[in-house]
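Enquirer: So I've got this file, model34.pdb, and it contains PDB, C-alpha atoms, pLDDT in the B column:
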```pdb
ATOM      1  CA  ILE A   1      18.605  -7.862  20.329  1.00 84.00           C
ATOM      2  CA  ARG A   2      17.614  -4.260  19.723  1.00 82.00           C
ATOM      3  CA  LEU A   3      13.938  -5.201  19.727  1.00 82.00           C
ATOM      4  CA  ARG A   4      14.303  -7.056  23.035  1.00 86.00           C
ATOM      5  CA  PHE A   5      16.203  -4.090  24.507  1.00 83.00           C
ATOM      6  CA  ALA A   6      13.486  -1.659  23.372  1.00 82.00           C
ATOM      7  CA  ARG A   7      10.800  -3.871  24.950  1.00 82.00           C
ATOM      8  CA  ASN A   8      12.715  -3.999  28.228  1.00 82.00           C
ATOM      9  CA  GLN A   9      12.917  -0.193  28.370  1.00 80.00           C
ATOM     10  CA  ALA A  10       9.164  -0.068  29.054  1.00 79.00           C
ATOM     11  CA  TRP A  11       9.525  -2.060  32.274  1.00 82.00           C
ATOM     12  CA  PRO A  12      10.276  -0.495  35.674  1.00 86.00           C
ATOM     13  CA  ASN A  13      13.957  -0.519  36.721  1.00 86.00           C
ATOM     14  CA  LEU A  14      15.403  -1.624  40.046  1.00 90.00           C
ATOM     15  CA  ASP A  15      19.108  -0.830  40.360  1.00 92.00           C
ATOM     16  CA  LEU A  16      21.633  -1.400  43.147  1.00 94.00           C
ATOM     17  CA  VAL A  17      23.882   1.634  43.579  1.00 94.00           C
ATOM     18  CA  GLY A  18      26.916   2.179  45.786  1.00 94.00           C
ATOM     19  CA  THR A  19      29.697   4.718  46.360  1.00 92.00           C
ATOM     20  CA  TYR A  20      32.948   4.731  48.305  1.00 85.00           C
ATOM     21  CA  GLY A  21      35.319   7.611  48.942  1.00 80.00           C
ATOM     22  CA  TYR A  22      37.719   9.377  51.333  1.00 72.00           C
ATOM     23  CA  ASN A  23      37.431  12.735  53.011  1.00 72.00           C
ATOM     24  CA  GLY A  24      40.237  14.786  54.444  1.00 69.00           C
ATOM     25  CA  LEU A  25      39.436  17.343  57.129  1.00 72.00           C
ATOM     26  CA  GLY A  26      42.233  19.768  57.930  1.00 73.00           C
ATOM     27  CA  ASP A  27      42.988  23.431  58.484  1.00 78.00           C
ATOM     28  CA  SER A  28      44.521  23.997  55.003  1.00 82.00           C
ATOM     29  CA  TRP A  29      44.185  22.659  51.506  1.00 77.00           C
ATOM     30  CA  ALA A  30      47.488  20.774  51.632  1.00 83.00           C
ATOM     31  CA  ASN A  31      46.671  19.284  55.047  1.00 80.00           C
ATOM     32  CA  SER A  32      43.200  18.160  53.846  1.00 78.00           C
ATOM     33  CA  ARG A  33      44.718  16.585  50.749  1.00 76.00           C
ATOM     34  CA  ASP A  34      47.301  14.684  52.817  1.00 79.00           C
ATOM     35  CA  LEU A  35      44.660  13.436  55.236  1.00 74.00           C
ATOM     36  CA  ALA A  36      42.415  12.279  52.362  1.00 73.00           C
ATOM     37  CA  TRP A  37      45.425  10.555  50.780  1.00 72.00           C
ATOM     38  CA  HIS A  38      46.026   8.609  53.990  1.00 74.00           C
ATOM     39  CA  SER A  39      42.307   7.744  54.225  1.00 71.00           C
ATOM     40  CA  GLN A  40      41.443   9.701  57.342  1.00 71.00           C
ATOM     41  CA  ALA A  41      37.643   9.606  56.922  1.00 73.00           C
ATOM     42  CA  PRO A  42      36.349   6.905  54.561  1.00 78.00           C
ATOM     43  CA  GLN A  43      32.750   7.219  53.489  1.00 82.00           C
ATOM     44  CA  TRP A  44      30.521   4.769  51.681  1.00 83.00           C
ATOM     45  CA  SER A  45      26.872   4.331  50.827  1.00 91.00           C
ATOM     46  CA  VAL A  46      24.758   1.538  49.348  1.00 94.00           C
ATOM     47  CA  GLY A  47      21.205   1.820  48.132  1.00 94.00           C
ATOM     48  CA  VAL A  48      18.481   0.648  45.824  1.00 95.00           C
ATOM     49  CA  GLN A  49      17.086   2.890  43.127  1.00 92.00           C
ATOM     50  CA  PHE A  50      13.654   2.224  41.634  1.00 91.00           C
ATOM     51  CA  SER A  51      12.438   4.021  38.514  1.00 86.00           C
ATOM     52  CA  MET A  52       9.243   3.578  36.555  1.00 83.00           C
ATOM     53  CA  PRO A  53       8.562   5.245  33.198  1.00 76.00           C
ATOM     54  CA  LEU A  54       5.458   7.407  33.435  1.00 79.00           C
ATOM     55  CA  GLY A  55       3.303   7.430  30.347  1.00 77.00           C
ATOM     56  CA  ARG A  56       5.804   5.138  28.602  1.00 74.00           C
ATOM     57  CA  VAL A  57       5.835   7.494  25.588  1.00 82.00           C
ATOM     58  CA  GLN A  58       9.552   7.346  24.876  1.00 80.00           C
ATOM     59  CA  PRO A  59       9.895   3.543  25.339  1.00 79.00           C
ATOM     60  CA  ARG A  60       6.887   2.930  23.075  1.00 82.00           C
ATOM     61  CA  ALA A  61       8.282   5.281  20.436  1.00 86.00           C
ATOM     62  CA  GLN A  62      11.658   3.524  20.575  1.00 85.00           C
ATOM     63  CA  LEU A  63       9.941   0.138  20.328  1.00 85.00           C
ATOM     64  CA  ASP A  64       7.965   1.285  17.286  1.00 88.00           C
ATOM     65  CA  ALA A  65      11.141   2.610  15.648  1.00 89.00           C
ATOM     66  CA  VAL A  66      12.984  -0.658  16.265  1.00 89.00           C
ATOM     67  CA  LYS A  67      10.037  -2.653  14.882  1.00 90.00           C
ATOM     68  CA  GLY A  68      10.166  -0.466  11.771  1.00 92.00           C
ATOM     69  CA  PHE A  69      13.909  -1.136  11.389  1.00 91.00           C
ATOM     70  CA  LYS A  70      13.256  -4.856  11.748  1.00 90.00           C
ATOM     71  CA  GLU A  71      10.600  -4.777   9.017  1.00 93.00           C
ATOM     72  CA  GLN A  72      12.936  -2.805   6.748  1.00 95.00           C
ATOM     73  CA  SER A  73      15.669  -5.374   7.285  1.00 93.00           C
ATOM     74  CA  ILE A  74      13.316  -8.240   6.459  1.00 94.00           C
ATOM     75  CA  LEU A  75      12.176  -6.438   3.308  1.00 96.00           C
ATOM     76  CA  ARG A  76      15.805  -5.845   2.257  1.00 96.00           C
ATOM     77  CA  ILE A  77      16.562  -9.546   2.708  1.00 96.00           C
ATOM     78  CA  LYS A  78      13.503 -10.537   0.676  1.00 96.00           C
ATOM     79  CA  GLN A  79      14.441  -8.017  -2.018  1.00 96.00           C
ATOM     80  CA  SER A  80      17.955  -9.470  -2.171  1.00 93.00           C
ATOM     81  CA  GLU A  81      16.545 -12.994  -2.467  1.00 93.00           C
ATOM     82  CA  LEU A  82      14.246 -11.871  -5.261  1.00 94.00           C
ATOM     83  CA  THR A  83      17.077 -10.107  -7.066  1.00 93.00           C
ATOM     84  CA  VAL A  84      19.260 -13.218  -6.904  1.00 92.00           C
ATOM     85  CA  THR A  85      16.403 -15.409  -8.147  1.00 93.00           C
ATOM     86  CA  VAL A  86      15.705 -13.097 -11.089  1.00 94.00           C
ATOM     87  CA  ASP A  87      19.418 -12.837 -11.917  1.00 93.00           C
ATOM     88  CA  VAL A  88      19.801 -16.629 -11.888  1.00 94.00           C
ATOM     89  CA  ASP A  89      16.708 -17.119 -14.069  1.00 95.00           C
ATOM     90  CA  THR A  90      17.937 -14.480 -16.512  1.00 94.00           C
ATOM     91  CA  ALA A  91      21.397 -16.039 -16.653  1.00 93.00           C
ATOM     92  CA  LEU A  92      19.954 -19.510 -17.255  1.00 94.00           C
ATOM     93  CA  SER A  93      17.779 -18.154 -20.066  1.00 95.00           C
ATOM     94  CA  ARG A  94      20.770 -16.415 -21.633  1.00 94.00           C
ATOM     95  CA  ILE A  95      22.835 -19.604 -21.408  1.00 94.00           C
ATOM     96  CA  GLU A  96      20.133 -21.578 -23.202  1.00 95.00           C
ATOM     97  CA  LEU A  97      19.684 -18.882 -25.846  1.00 95.00           C
ATOM     98  CA  SER A  98      23.423 -18.572 -26.429  1.00 94.00           C
ATOM     99  CA  ARG A  99      23.750 -22.364 -26.590  1.00 94.00           C
ATOM    100  CA  GLN A 100      21.136 -22.445 -29.348  1.00 95.00           C
ATOM    101  CA  SER A 101      22.825 -19.528 -31.141  1.00 94.00           C
ATOM    102  CA  SER A 102      26.168 -21.314 -30.888  1.00 94.00           C
ATOM    103  CA  ALA A 103      24.702 -24.522 -32.334  1.00 95.00           C
ATOM    104  CA  THR A 104      23.111 -22.570 -35.195  1.00 95.00           C
ATOM    105  CA  ALA A 105      26.348 -20.694 -35.888  1.00 94.00           C
ATOM    106  CA  ARG A 106      28.309 -23.965 -35.873  1.00 95.00           C
ATOM    107  CA  GLN A 107      25.897 -25.518 -38.380  1.00 96.00           C
ATOM    108  CA  THR A 108      26.107 -22.406 -40.573  1.00 95.00           C
ATOM    109  CA  ARG A 109      29.903 -22.550 -40.499  1.00 94.00           C
ATOM    110  CA  GLU A 110      29.910 -26.255 -41.391  1.00 95.00           C
ATOM    111  CA  LEU A 111      27.552 -25.612 -44.311  1.00 95.00           C
ATOM    112  CA  ASN A 112      29.706 -22.693 -45.498  1.00 94.00           C
ATOM    113  CA  GLU A 113      32.829 -24.879 -45.282  1.00 94.00           C
ATOM    114  CA  GLU A 114      31.112 -27.480 -47.436  1.00 95.00           C
ATOM    115  CA  ALA A 115      29.984 -24.764 -49.861  1.00 93.00           C
ATOM    116  CA  MET A 116      33.581 -23.497 -49.961  1.00 93.00           C
ATOM    117  CA  ARG A 117      34.901 -26.965 -50.861  1.00 93.00           C
ATOM    118  CA  ILE A 118      32.291 -27.275 -53.591  1.00 93.00           C
ATOM    119  CA  ALA A 119      33.109 -23.781 -54.912  1.00 92.00           C
ATOM    120  CA  TYR A 120      36.813 -24.621 -54.939  1.00 91.00           C
ATOM    121  CA  ARG A 121      36.167 -27.808 -56.976  1.00 92.00           C
ATOM    122  CA  ARG A 122      33.906 -25.879 -59.334  1.00 92.00           C
ATOM    123  CA  MET A 123      36.579 -23.247 -59.839  1.00 90.00           C
ATOM    124  CA  GLU A 124      39.136 -25.946 -60.641  1.00 89.00           C
ATOM    125  CA  GLU A 125      36.697 -27.304 -63.204  1.00 89.00           C
ATOM    126  CA  GLY A 126      36.235 -23.802 -64.603  1.00 87.00           C
ATOM    127  CA  GLN A 127      32.546 -23.492 -63.781  1.00 89.00           C
ATOM    128  CA  ILE A 128      32.887 -20.348 -61.557  1.00 87.00           C
ATOM    129  CA  SER A 129      35.249 -17.390 -61.424  1.00 87.00           C
ATOM    130  CA  SER A 130      37.724 -16.510 -58.681  1.00 87.00           C
ATOM    131  CA  PHE A 131      35.398 -13.636 -57.693  1.00 89.00           C
ATOM    132  CA  ASP A 132      32.679 -16.174 -56.797  1.00 89.00           C
ATOM    133  CA  LEU A 133      35.245 -18.172 -54.793  1.00 88.00           C
ATOM    134  CA  ILE A 134      36.306 -15.030 -52.906  1.00 92.00           C
ATOM    135  CA  GLU A 135      32.640 -14.255 -52.172  1.00 92.00           C
ATOM    136  CA  GLN A 136      32.200 -17.778 -50.802  1.00 91.00           C
ATOM    137  CA  GLN A 137      35.323 -17.313 -48.615  1.00 93.00           C
ATOM    138  CA  ARG A 138      33.880 -14.056 -47.249  1.00 95.00           C
ATOM    139  CA  LYS A 139      30.680 -15.864 -46.293  1.00 94.00           C
ATOM    140  CA  LEU A 140      32.731 -18.601 -44.576  1.00 94.00           C
ATOM    141  CA  TYR A 141      34.739 -16.033 -42.574  1.00 96.00           C
ATOM    142  CA  GLU A 142      31.545 -14.250 -41.527  1.00 95.00           C
ATOM    143  CA  ALA A 143      30.081 -17.570 -40.368  1.00 95.00           C
ATOM    144  CA  ARG A 144      33.250 -18.280 -38.352  1.00 95.00           C
ATOM    145  CA  SER A 145      33.036 -14.826 -36.776  1.00 96.00           C
ATOM    146  CA  ARG A 146      29.386 -15.391 -35.830  1.00 94.00           C
ATOM    147  CA  GLU A 147      30.316 -18.745 -34.291  1.00 95.00           C
ATOM    148  CA  LEU A 148      33.092 -17.175 -32.208  1.00 95.00           C
ATOM    149  CA  SER A 149      30.739 -14.400 -31.146  1.00 95.00           C
ATOM    150  CA  ALA A 150      28.120 -16.960 -30.092  1.00 94.00           C
ATOM    151  CA  ARG A 151      30.735 -18.884 -28.074  1.00 94.00           C
ATOM    152  CA  ALA A 152      31.832 -15.666 -26.371  1.00 95.00           C
ATOM    153  CA  ALA A 153      28.200 -14.829 -25.535  1.00 94.00           C
ATOM    154  CA  GLN A 154      27.745 -18.304 -24.075  1.00 94.00           C
ATOM    155  CA  SER A 155      30.864 -17.938 -21.915  1.00 95.00           C
ATOM    156  CA  LYS A 156      29.675 -14.517 -20.778  1.00 94.00           C
ATOM    157  CA  ALA A 157      26.273 -15.951 -19.832  1.00 93.00           C
ATOM    158  CA  ILE A 158      27.943 -18.725 -17.816  1.00 94.00           C
ATOM    159  CA  ILE A 159      30.078 -16.156 -15.986  1.00 94.00           C
ATOM    160  CA  THR A 160      26.949 -14.082 -15.291  1.00 92.00           C
ATOM    161  CA  LEU A 161      25.339 -17.180 -13.756  1.00 93.00           C
ATOM    162  CA  MET A 162      28.434 -17.763 -11.607  1.00 94.00           C
ATOM    163  CA  ALA A 163      28.339 -14.162 -10.428  1.00 91.00           C
ATOM    164  CA  ALA A 164      24.613 -14.388  -9.620  1.00 89.00           C
ATOM    165  CA  THR A 165      25.064 -17.594  -7.602  1.00 88.00           C
ATOM    166  CA  GLY A 166      28.287 -16.438  -5.968  1.00 86.00           C
ATOM    167  CA  THR A 167      30.384 -19.354  -7.236  1.00 83.00           C
TER     168      THR A 167
END
```
Output the file's structure as structure tokens, nothing else.

Expert:
Amino acid sequence: IRLRFARNQAWPNLDLVGTYGYNGLGDSWANSRDLAWHSQAPQWSVGVQFSMPLGRVQPRAQLDAVKGFKEQSILRIKQSELTVTVDVDTALSRIELSRQSSATARQTRELNEEAMRIAYRRMEEGQISSFDLIEQQRKLYEARSRELSARAAQSKAIITLMAATGT
């Protein structure tokens, strides 16, 4: 709309103009005011006014400025589209990476649980000390913590994707 308006400013103008009013002619200010109030001497005029910009410097400058604003707006839109695309790609990559990390952490936890069961049986049989069992428990708890951390990272990546797509 602004571009169309700026283009139209370079064209000649033809305007219809008109006025209407009352005059009061009297021998004092109060008498003139009363006569004007009672519409003693109405006056009106109608005319056509033609104007043509000479040199067209200002309209061309305004048109160039509006074209520049339009290009800036288009570039901002393209930049926003690019930003959204990059954010979505990054979020999808993080989801896949966190999914793999979560699967690895789950497998590590399962293996540590199995190792804990074996260590517990071995301790009952007297093959290892309680210190070795406690060490195995520590490893199991660390594996559980890594699994929870991986799940949290995966949830965070999914939320980042939702924010990037606006859902």

Enquirer: Which neighbours of A:Arg4 fall inside 12 Å, counting only C-alpha atoms, when residues of the same chain fewer than 3 positions from it are skipped, and could you give them as a VMD selection string?

Expert: chain A and resid 1 7 to 11 59 62 to 64 66 to 67 70

Enquirer: Which residues match the PyMOL selection byres ((chain A and resi 99-113) around 9) in the file above, as an MDAnalysis selection string?

Expert: chainID A and resid 94:98 114:118 136:137 139:151 153:154

Enquirer: Which residue is closest to A:His38? Choose from A:Thr167, A:Ile158, A:Phe50, A:Tyr22 and count all atoms listed in the file.

Expert: A:Tyr22

Enquirer: So that I can check the surroundings of A:Leu35, please list as an MDAnalysis selection string every protein, DNA and RNA residue that reaches within 9 Å of it, counting only C-alpha atoms and ignoring chain neighbours fewer than 5 positions away.

Expert: chainID A and resid 22:26 30 40:41

Enquirer: Atoms are missing here; could stretch 9-23 of chain A be completed with N, CA and C atoms and written as a PDB file, in the frame of the given file?

Expert:
```pdb
ATOM      1  N   GLN A   9      12.887  -1.577  27.911  1.00 80.00           N
ATOM      2  CA  GLN A   9      12.917  -0.193  28.370  1.00 80.00           C
ATOM      3  C   GLN A   9      11.567   0.272  28.897  1.00 80.00           C
ATOM      4  N   ALA A  10      10.498  -0.449  28.579  1.00 79.00           N
ATOM      5  CA  ALA A  10       9.164  -0.068  29.054  1.00 79.00           C
ATOM      6  C   ALA A  10       8.886  -0.591  30.463  1.00 79.00           C
ATOM      7  N   TRP A  11       9.716  -1.491  30.942  1.00 82.00           N
ATOM      8  CA  TRP A  11       9.525  -2.060  32.274  1.00 82.00           C
ATOM      9  C   TRP A  11      10.139  -1.155  33.345  1.00 82.00           C
ATOM     10  N   PRO A  12       9.639  -1.244  34.586  1.00 86.00           N
ATOM     11  CA  PRO A  12      10.276  -0.495  35.674  1.00 86.00           C
ATOM     12  C   PRO A  12      11.689  -1.023  35.926  1.00 86.00           C
ATOM     13  N   ASN A  13      12.564  -0.151  36.433  1.00 86.00           N
ATOM     14  CA  ASN A  13      13.957  -0.519  36.721  1.00 86.00           C
ATOM     15  C   ASN A  13      14.190  -0.559  38.212  1.00 86.00           C
ATOM     16  N   LEU A  14      14.966  -1.533  38.663  1.00 90.00           N
ATOM     17  CA  LEU A  14      15.403  -1.624  40.046  1.00 90.00           C
ATOM     18  C   LEU A  14      16.912  -1.823  39.995  1.00 90.00           C
ATOM     19  N   ASP A  15      17.653  -0.812  40.452  1.00 92.00           N
ATOM     20  CA  ASP A  15      19.108  -0.830  40.360  1.00 92.00           C
ATOM     21  C   ASP A  15      19.723  -0.775  41.748  1.00 92.00           C
ATOM     22  N   LEU A  16      20.838  -1.465  41.929  1.00 94.00           N
ATOM     23  CA  LEU A  16      21.633  -1.400  43.147  1.00 94.00           C
ATOM     24  C   LEU A  16      22.748  -0.402  42.887  1.00 94.00           C
ATOM     25  N   VAL A  17      22.864   0.612  43.752  1.00 94.00           N
ATOM     26  CA  VAL A  17      23.882   1.634  43.579  1.00 94.00           C
ATOM     27  C   VAL A  17      24.748   1.696  44.830  1.00 94.00           C
ATOM     28  N   GLY A  18      26.011   2.065  44.645  1.00 94.00           N
ATOM     29  CA  GLY A  18      26.916   2.179  45.786  1.00 94.00           C
ATOM     30  C   GLY A  18      28.041   3.140  45.472  1.00 94.00           C
ATOM     31  N   THR A  19      28.571   3.805  46.513  1.00 92.00           N
ATOM     32  CA  THR A  19      29.697   4.718  46.360  1.00 92.00           C
ATOM     33  C   THR A  19      30.665   4.470  47.505  1.00 92.00           C
ATOM     34  N   TYR A  20      31.928   4.837  47.278  1.00 85.00           N
ATOM     35  CA  TYR A  20      32.948   4.731  48.305  1.00 85.00           C
ATOM     36  C   TYR A  20      33.952   5.848  48.069  1.00 85.00           C
ATOM     37  N   GLY A  21      34.377   6.521  49.113  1.00 80.00           N
ATOM     38  CA  GLY A  21      35.319   7.611  48.942  1.00 80.00           C
ATOM     39  C   GLY A  21      35.999   7.979  50.243  1.00 80.00           C
ATOM     40  N   TYR A  22      36.965   8.896  50.165  1.00 72.00           N
ATOM     41  CA  TYR A  22      37.719   9.377  51.333  1.00 72.00           C
ATOM     42  C   TYR A  22      37.497  10.870  51.485  1.00 72.00           C
ATOM     43  N   ASN A  23      37.501  11.308  52.716  1.00 72.00           N
ATOM     44  CA  ASN A  23      37.431  12.735  53.011  1.00 72.00           C
ATOM     45  C   ASN A  23      38.670  13.103  53.836  1.00 72.00           C
TER      46      ASN A  23
END
```
